[in-house]
$ cat entry-v3.cif   # mmCIF, C-alpha atoms
data_coords
loop_
_atom_site.group_PDB
_atom_site.id
_atom_site.type_symbol
_atom_site.label_atom_id
_atom_site.label_comp_id
_atom_site.auth_asym_id
_atom_site.auth_seq_id
_atom_site.Cartn_x
_atom_site.Cartn_y
_atom_site.Cartn_z
ATOM 1 C CA MET A 1 0.000 0.000 0.000
ATOM 2 C CA SER A 2 1.247 3.501 -0.799
ATOM 3 C CA ALA A 3 2.116 5.982 1.889
ATOM 4 C CA PRO A 4 -0.737 8.273 2.987
ATOM 5 C CA ILE A 5 -0.873 11.478 0.960
ATOM 6 C CA ALA A 6 0.060 13.595 3.992
ATOM 7 C CA ASP A 7 3.322 11.637 4.267
ATOM 8 C CA LYS A 8 4.372 12.643 0.752
ATOM 9 C CA GLY A 9 5.276 16.197 1.739
ATOM 10 C CA LEU A 10 2.885 17.869 -0.677
ATOM 11 C CA PRO A 11 1.213 21.184 0.138
ATOM 12 C CA ALA A 12 -2.335 20.794 1.403
ATOM 13 C CA ARG A 13 -4.919 20.958 -1.407
ATOM 14 C CA PHE A 14 -2.278 22.227 -3.843
ATOM 15 C CA TRP A 15 -4.520 21.304 -6.805
ATOM 16 C CA GLU A 16 -6.973 24.008 -5.711
ATOM 17 C CA LYS A 17 -4.265 26.668 -5.507
ATOM 18 C CA LYS A 18 -2.169 25.980 -8.607
ATOM 19 C CA SER A 19 -2.863 25.532 -12.265
ATOM 20 C CA LEU A 20 -1.665 22.332 -13.890
ATOM 21 C CA ALA A 21 1.183 24.301 -15.503
ATOM 22 C CA GLN A 22 2.324 25.622 -12.096
ATOM 23 C CA MET A 23 2.669 22.198 -10.482
ATOM 24 C CA ASN A 24 6.030 20.635 -9.830
ATOM 25 C CA ASP A 25 6.750 17.048 -10.871
ATOM 26 C CA ALA A 26 5.723 15.548 -7.512
ATOM 27 C CA GLU A 27 2.411 17.418 -7.500
ATOM 28 C CA TRP A 28 1.725 16.477 -11.125
ATOM 29 C CA GLU A 29 2.375 12.793 -10.455
ATOM 30 C CA ALA A 30 0.247 12.871 -7.293
ATOM 31 C CA LEU A 31 -2.779 13.820 -9.389
ATOM 32 C CA CYS A 32 -2.904 10.291 -10.780
ATOM 33 C CA ASP A 33 -5.638 8.496 -8.842
ATOM 34 C CA GLY A 34 -4.390 5.003 -9.712
ATOM 35 C CA CYS A 35 -7.538 3.922 -11.542
ATOM 36 C CA GLY A 36 -5.610 2.318 -14.417
ATOM 37 C CA LYS A 37 -8.039 3.589 -17.070
ATOM 38 C CA CYS A 38 -5.406 5.538 -18.980
ATOM 39 C CA CYS A 39 -3.615 2.216 -19.575
ATOM 40 C CA LEU A 40 -6.642 0.636 -21.210
ATOM 41 C CA ASN A 41 -6.656 0.277 -24.960
ATOM 42 C CA LYS A 42 -9.275 2.463 -26.543
ATOM 43 C CA LEU A 43 -11.265 2.312 -29.741
ATOM 44 C CA GLU A 44 -12.056 5.465 -31.677
ATOM 45 C CA ASP A 45 -15.014 5.677 -34.038
ATOM 46 C CA GLU A 46 -13.638 7.023 -37.315
ATOM 47 C CA ASP A 47 -16.844 8.896 -38.140
ATOM 48 C CA SER A 48 -17.833 10.428 -34.807
ATOM 49 C CA GLY A 49 -14.436 10.563 -33.089
ATOM 50 C CA GLU A 50 -16.062 9.006 -30.012
ATOM 51 C CA VAL A 51 -13.611 7.042 -27.881
ATOM 52 C CA ALA A 52 -14.630 3.833 -26.114
ATOM 53 C CA LEU A 53 -12.700 2.231 -23.289
ATOM 54 C CA THR A 54 -12.018 -1.463 -23.420
ATOM 55 C CA ARG A 55 -10.961 -3.755 -20.599
ATOM 56 C CA VAL A 56 -7.991 -4.719 -22.796
ATOM 57 C CA ALA A 57 -5.014 -3.348 -20.878
ATOM 58 C CA CYS A 58 -1.544 -2.358 -21.934
ATOM 59 C CA ARG A 59 0.864 -5.223 -21.354
ATOM 60 C CA LEU A 60 2.586 -3.161 -18.640
ATOM 61 C CA LEU A 61 -0.488 -2.545 -16.483
ATOM 62 C CA ASP A 62 -0.395 -4.399 -13.171
ATOM 63 C CA ASP A 63 -4.057 -5.363 -12.839
ATOM 64 C CA ALA A 64 -3.896 -5.661 -9.047
ATOM 65 C CA SER A 65 -2.334 -2.259 -8.341
ATOM 66 C CA CYS A 66 -3.682 -0.419 -11.418
ATOM 67 C CA ARG A 67 -0.211 1.012 -11.954
ATOM 68 C CA CYS A 68 2.331 0.635 -14.724
ATOM 69 C CA ALA A 69 4.760 -2.134 -13.837
ATOM 70 C CA HIS A 70 7.612 -0.263 -15.563
ATOM 71 C CA TYR A 71 6.521 3.370 -15.309
ATOM 72 C CA ASP A 72 9.982 4.963 -15.303
ATOM 73 C CA ASN A 73 11.190 3.071 -18.376
ATOM 74 C CA ARG A 74 7.863 2.243 -20.066
ATOM 75 C CA HIS A 75 8.968 3.720 -23.389
ATOM 76 C CA GLN A 76 11.505 0.935 -23.770
ATOM 77 C CA PHE A 77 8.581 -1.505 -23.879
ATOM 78 C CA VAL A 78 5.785 0.680 -25.269
ATOM 79 C CA PRO A 79 7.405 3.400 -27.402
ATOM 80 C CA ASP A 80 4.101 5.140 -28.170
ATOM 81 C CA CYS A 81 2.997 5.437 -24.533
ATOM 82 C CA ILE A 82 1.873 9.028 -24.089
ATOM 83 C CA VAL A 83 3.565 11.222 -21.521
ATOM 84 C CA LEU A 84 0.826 13.537 -20.323
ATOM 85 C CA LYS A 85 2.010 17.034 -19.393
ATOM 86 C CA PRO A 86 0.502 20.514 -19.182
ATOM 87 C CA SER A 87 1.773 21.390 -22.649
ATOM 88 C CA ASN A 88 -0.034 18.509 -24.373
ATOM 89 C CA ILE A 89 -3.108 17.921 -22.203
ATOM 90 C CA GLU A 90 -5.426 19.772 -24.585
ATOM 91 C CA SER A 91 -4.610 17.422 -27.456
ATOM 92 C CA HIS A 92 -5.124 14.330 -25.301
ATOM 93 C CA LEU A 93 -8.399 15.235 -23.540
ATOM 94 C CA TYR A 94 -10.483 13.214 -25.977
ATOM 95 C CA TRP A 95 -9.135 9.868 -24.753
ATOM 96 C CA MET A 96 -8.713 10.670 -21.079
ATOM 97 C CA PRO A 97 -11.222 9.026 -18.725
ATOM 98 C CA GLN A 98 -14.089 11.246 -17.535
ATOM 99 C CA THR A 99 -12.975 10.758 -13.916
ATOM 100 C CA CYS A 100 -9.297 11.603 -14.551
ATOM 101 C CA ALA A 101 -7.940 14.309 -12.238
ATOM 102 C CA TYR A 102 -5.917 15.882 -15.040
ATOM 103 C CA ARG A 103 -9.041 16.194 -17.161
ATOM 104 C CA LEU A 104 -11.220 17.412 -14.288
ATOM 105 C CA LEU A 105 -8.770 20.103 -13.208
ATOM 106 C CA HIS A 106 -8.155 21.210 -16.793
ATOM 107 C CA GLU A 107 -11.939 21.613 -17.140
ATOM 108 C CA GLY A 108 -12.145 23.589 -13.881
ATOM 109 C CA LYS A 109 -13.945 20.816 -12.006
ATOM 110 C CA PRO A 110 -13.178 19.543 -8.484
ATOM 111 C CA LEU A 111 -11.648 16.193 -7.652
ATOM 112 C CA ALA A 112 -14.064 13.503 -6.522
ATOM 113 C CA ASN A 113 -14.283 12.617 -2.824
ATOM 114 C CA TRP A 114 -12.800 9.176 -3.581
ATOM 115 C CA HIS A 115 -9.657 10.693 -5.123
ATOM 116 C CA PRO A 116 -6.633 9.802 -2.946
ATOM 117 C CA LEU A 117 -5.643 13.462 -2.611
ATOM 118 C CA VAL A 118 -9.049 14.248 -1.120
ATOM 119 C CA SER A 119 -9.622 11.075 0.892
ATOM 120 C CA GLY A 120 -6.027 10.643 2.062
ATOM 121 C CA SER A 121 -6.006 6.986 1.022
ATOM 122 C CA PRO A 122 -4.965 5.341 -2.256
ATOM 123 C CA GLU A 123 -7.590 2.640 -1.634
ATOM 124 C CA THR A 124 -10.667 4.859 -2.003
ATOM 125 C CA VAL A 125 -10.486 4.861 -5.813
ATOM 126 C CA HIS A 126 -10.838 1.074 -5.685
ATOM 127 C CA ALA A 127 -13.485 1.050 -2.946
ATOM 128 C CA ALA A 128 -15.568 3.519 -4.976
ATOM 129 C CA GLY A 129 -15.540 1.123 -7.927
ATOM 130 C CA VAL A 130 -13.837 3.623 -10.195
ATOM 131 C CA SER A 131 -10.635 1.694 -10.802
ATOM 132 C CA MET A 132 -9.983 -1.220 -13.115
ATOM 133 C CA ARG A 133 -8.526 -3.386 -10.343
ATOM 134 C CA ASP A 134 -8.803 -7.068 -11.275
ATOM 135 C CA GLN A 135 -11.072 -6.290 -14.248
ATOM 136 C CA THR A 136 -8.717 -6.211 -17.222
ATOM 137 C CA VAL A 137 -7.450 -8.645 -19.807
ATOM 138 C CA SER A 138 -3.987 -8.384 -21.298
ATOM 139 C CA GLU A 139 -3.566 -7.145 -24.832
ATOM 140 C CA TYR A 140 -1.526 -10.321 -25.348
ATOM 141 C CA ASP A 141 -4.657 -12.406 -24.739
ATOM 142 C CA VAL A 142 -7.075 -10.598 -27.071
ATOM 143 C CA ALA A 143 -6.741 -10.215 -30.833
ATOM 144 C CA ASP A 144 -7.037 -6.613 -32.043
ATOM 145 C CA ASP A 145 -10.153 -7.529 -34.019
ATOM 146 C CA ASP A 146 -11.844 -8.700 -30.811
ATOM 147 C CA TRP A 147 -11.348 -5.531 -28.759
ATOM 148 C CA GLU A 148 -14.920 -4.442 -29.532
ATOM 149 C CA ASP A 149 -16.104 -7.425 -27.490
ATOM 150 C CA HIS A 150 -14.429 -5.832 -24.439
ATOM 151 C CA ILE A 151 -15.876 -2.294 -24.560
ATOM 152 C CA ILE A 152 -16.887 -1.109 -21.115
ATOM 153 C CA GLU A 153 -19.003 1.705 -19.750
ATOM 154 C CA GLU A 154 -16.918 4.172 -17.862
ATOM 155 C CA PRO A 155 -17.865 4.641 -14.210
ATOM 156 C CA THR A 156 -18.392 8.267 -13.288
#

$ encode --input "entry-v3.cif" --output "structure tokens"
Amino acid sequence: MSAPIADKGLPARFWEKKSLAQMNDAEWEALCDGCGKCCLNKLEDEDSGEVALTRVACRLLDDASCRCAHYDNRHQFVPDCIVLKPSNIESHLYWMPQTCAYRLLHEGKPLANWHPLVSGSPETVHAAGVSMRDQTVSEYDVADDDWEDHIIEEPT
């Protein structure tokens, strides 16, 4: 289990006082709620541009923790993994989960009560049923043509 948020030395409620662009690396990384949804493969409708989440996860997603198993060197394994940052968030909003803290803050919305920064516990995202813990299948186990069979509704 991760250390409680208060033990990470971050300013209290920093996300309410700073813009995404003003955050330091530790604050930016702390915004991740650990839901694992950004590591799900997505399908985009060519006509409408609508993006659907699938339960087909990137090969690096640890299904139990909902974290990347090789976060610091993920590009060695998945070269096209997107590095989200303030300078590119606008162009990546369309595929970001509706509950994502980066998306919510960019849109001027508050973090949910289950978000670890609000609750103080990294387990609340799982208890609230928002995470993908133990619900994914590996991209190694599903043919690309079968991803449609694994489309999921996104919890809000």

$ closest_atom_pairs --input "entry-v3.cif" --of "region 3-74 of chain A" --to "region 105-119 of chain A" --cutoff "8 Å" --atoms "only C-alpha atoms" --output "JSON lines"
{"residue": "A:Ile5", "atom": "CA", "partner": "A:Leu117", "partner_atom": "CA", "distance": 6.3}
{"residue": "A:Arg13", "atom": "CA", "partner": "A:Leu117", "partner_atom": "CA", "distance": 7.6}
{"residue": "A:Trp15", "atom": "CA", "partner": "A:Leu105", "partner_atom": "CA", "distance": 7.8}
{"residue": "A:Leu20", "atom": "CA", "partner": "A:His106", "partner_atom": "CA", "distance": 7.2}
{"residue": "A:Ala30", "atom": "CA", "partner": "A:Leu117", "partner_atom": "CA", "distance": 7.5}
{"residue": "A:Leu31", "atom": "CA", "partner": "A:Leu117", "partner_atom": "CA", "distance": 7.4}
{"residue": "A:Asp33", "atom": "CA", "partner": "A:His115", "partner_atom": "CA", "distance": 5.9}

$ closest_atom_pairs --input "entry-v3.cif" --of "region 98-132 of chain A" --to "region 65-78 of chain A" --cutoff "12 Å" --atoms "all atoms listed in the file" --output "CSV"
residue,atom,partner,partner_atom,distance
A:Pro122,CA,A:Ser65,CA,10.1
A:Glu123,CA,A:Ser65,CA,9.8
A:Val125,CA,A:Cys66,CA,10.3
A:His126,CA,A:Cys66,CA,9.3
A:Val130,CA,A:Cys66,CA,11.0
A:Ser131,CA,A:Cys66,CA,7.3
A:Met132,CA,A:Cys66,CA,6.6

$ write_last_selection --input "entry-v3.cif" --atoms "C-alpha atoms" --output "tab-separated table (two decimals), in the frame of the given file"
chain	number	residue	atom	x	y	z
A	122	PRO	CA	-4.96	5.34	-2.26
A	123	GLU	CA	-7.59	2.64	-1.63
A	125	VAL	CA	-10.49	4.86	-5.81
A	126	HIS	CA	-10.84	1.07	-5.68
A	130	VAL	CA	-13.84	3.62	-10.20
A	131	SER	CA	-10.64	1.69	-10.80
A	132	MET	CA	-9.98	-1.22	-13.12

$ axis_aligned_box --input "entry-v3.cif" --around "region 137-154 of chain A" --padding-each-side "6 Å" --output "AutoDock Vina command-line options"
--center_x -10.3 --center_y -4.1 --center_z -25.9 --size_x 29.5 --size_y 28.6 --size_z 28.2

$ residues_around --input "entry-v3.cif" --residues "Leu84 (chain A)" --least-positions-apart "4" --cutoff "12 Å" --atoms "only C-alpha atoms" --output "number ranges by chain"
A: 20-21, 25, 28-29, 31-32, 38, 80, 88-93, 95-96, 100-103

$ closest_residue --input "entry-v3.cif" --among "A:Trp147, A:Tyr94, A:Tyr140, A:Phe14" --to "Leu61 (chain A)" --atoms "all atoms listed in the file"
A:Tyr140

$ atom_distance --input "entry-v3.cif" --atom1 "CA of Thr54 (chain A)" --atom2 "CA of His150 (chain A)"
5.1 Å

$ residues_around --input "entry-v3.cif" --residues "Gln22 (chain A)" --least-positions-apart "3" --cutoff "9 Å" --atoms "all atoms listed in the file" --output "VMD selection string"
chain A and resid 18 to 19 86

$ atom_distance --input "entry-v3.cif" --atom1 "CA of Thr99 (chain A)" --atom2 "CA of Gln135 (chain A)"
17.2 Å

$ atom_distance --input "entry-v3.cif" --atom1 "CA of Gln98 (chain A)" --atom2 "CA of Lys37 (chain A)"
9.8 Å

$ resolve_selection --input "entry-v3.cif" --expression "the PyMOL selection byres ((chain A and resi 57) around 6)" --output "PyMOL selection string"
chain A and resi 39-41+55-56+58+136-139

$ closest_residue --input "entry-v3.cif" --among "A:Asp149, A:Cys81, A:Gly120, A:Glu154" --to "Lys8 (chain A)" --atoms "all atoms listed in the file"
A:Gly120

$ residues_around --input "entry-v3.cif" --residues "Leu53 (chain A)" --least-positions-apart "2" --cutoff "6 Å" --atoms "only C-alpha atoms" --output "PyMOL selection string"
chain A and resi 42+151-152

$ decode --input "entry-v3.cif" --residues "region 119-146 of chain A" --atoms "N, CA and C atoms" --output "short mmCIF file (atom, residue, chain, number, x, y, z; two decimals), in the first residue's frame"
data_model
loop_
_atom_site.label_atom_id
_atom_site.label_comp_id
_atom_site.auth_asym_id
_atom_site.auth_seq_id
_atom_site.Cartn_x
_atom_site.Cartn_y
_atom_site.Cartn_z
N SER A 119 -9.31 12.04 -0.17
CA SER A 119 -9.62 11.08 0.89
C SER A 119 -8.43 10.79 1.81
N GLY A 120 -7.22 10.97 1.29
CA GLY A 120 -6.03 10.64 2.06
C GLY A 120 -5.60 9.20 1.94
N SER A 121 -6.33 8.40 1.15
CA SER A 121 -6.01 6.99 1.02
C SER A 121 -6.00 6.57 -0.44
N PRO A 122 -4.98 5.83 -0.88
CA PRO A 122 -4.96 5.34 -2.26
C PRO A 122 -5.98 4.23 -2.51
N GLU A 123 -6.62 3.73 -1.47
CA GLU A 123 -7.59 2.64 -1.63
C GLU A 123 -8.99 3.12 -1.99
N THR A 124 -9.29 4.39 -1.78
CA THR A 124 -10.67 4.86 -2.00
C THR A 124 -11.08 4.81 -3.47
N VAL A 125 -10.15 4.97 -4.39
CA VAL A 125 -10.49 4.86 -5.81
C VAL A 125 -10.98 3.45 -6.14
N HIS A 126 -10.41 2.46 -5.47
CA HIS A 126 -10.84 1.07 -5.68
C HIS A 126 -12.16 0.79 -4.96
N ALA A 127 -12.27 1.27 -3.73
CA ALA A 127 -13.48 1.05 -2.95
C ALA A 127 -14.70 1.71 -3.61
N ALA A 128 -14.47 2.82 -4.30
CA ALA A 128 -15.57 3.52 -4.98
C ALA A 128 -15.97 2.84 -6.28
N GLY A 129 -15.22 1.84 -6.69
CA GLY A 129 -15.54 1.12 -7.93
C GLY A 129 -15.14 1.86 -9.19
N VAL A 130 -14.26 2.82 -9.05
CA VAL A 130 -13.84 3.62 -10.20
C VAL A 130 -12.63 3.01 -10.91
N SER A 131 -11.86 2.24 -10.21
CA SER A 131 -10.63 1.69 -10.80
C SER A 131 -10.92 0.43 -11.61
N MET A 132 -9.90 -0.01 -12.30
CA MET A 132 -9.98 -1.22 -13.12
C MET A 132 -9.36 -2.41 -12.40
N ARG A 133 -9.16 -2.31 -11.11
CA ARG A 133 -8.53 -3.39 -10.34
C ARG A 133 -9.20 -4.73 -10.62
N ASP A 134 -8.37 -5.69 -11.03
CA ASP A 134 -8.80 -7.07 -11.28
C ASP A 134 -9.93 -7.19 -12.31
N GLN A 135 -10.01 -6.26 -13.24
CA GLN A 135 -11.07 -6.29 -14.25
C GLN A 135 -10.56 -6.29 -15.68
N THR A 136 -9.26 -6.35 -15.88
CA THR A 136 -8.72 -6.21 -17.22
C THR A 136 -8.27 -7.55 -17.81
N VAL A 137 -8.08 -7.53 -19.10
CA VAL A 137 -7.45 -8.65 -19.81
C VAL A 137 -6.24 -8.07 -20.53
N SER A 138 -5.21 -8.86 -20.66
CA SER A 138 -3.99 -8.38 -21.30
C SER A 138 -4.16 -8.29 -22.81
N GLU A 139 -3.53 -7.28 -23.38
CA GLU A 139 -3.57 -7.14 -24.83
C GLU A 139 -2.92 -8.34 -25.52
N TYR A 140 -2.11 -9.09 -24.80
CA TYR A 140 -1.53 -10.32 -25.35
C TYR A 140 -2.57 -11.42 -25.52
N ASP A 141 -3.66 -11.34 -24.75
CA ASP A 141 -4.66 -12.41 -24.74
C ASP A 141 -5.86 -12.15 -25.64
N VAL A 142 -5.92 -10.96 -26.25
CA VAL A 142 -7.08 -10.60 -27.07
C VAL A 142 -6.59 -10.08 -28.42
N ALA A 143 -7.08 -10.68 -29.49
CA ALA A 143 -6.74 -10.21 -30.83
C ALA A 143 -7.31 -8.81 -31.05
N ASP A 144 -6.59 -7.99 -31.77
CA ASP A 144 -7.04 -6.61 -32.04
C ASP A 144 -8.47 -6.57 -32.58
N ASP A 145 -8.81 -7.50 -33.43
CA ASP A 145 -10.15 -7.53 -34.02
C ASP A 145 -11.25 -7.85 -33.00
N ASP A 146 -10.87 -8.34 -31.84
CA ASP A 146 -11.84 -8.70 -30.81
C ASP A 146 -11.97 -7.66 -29.70
#
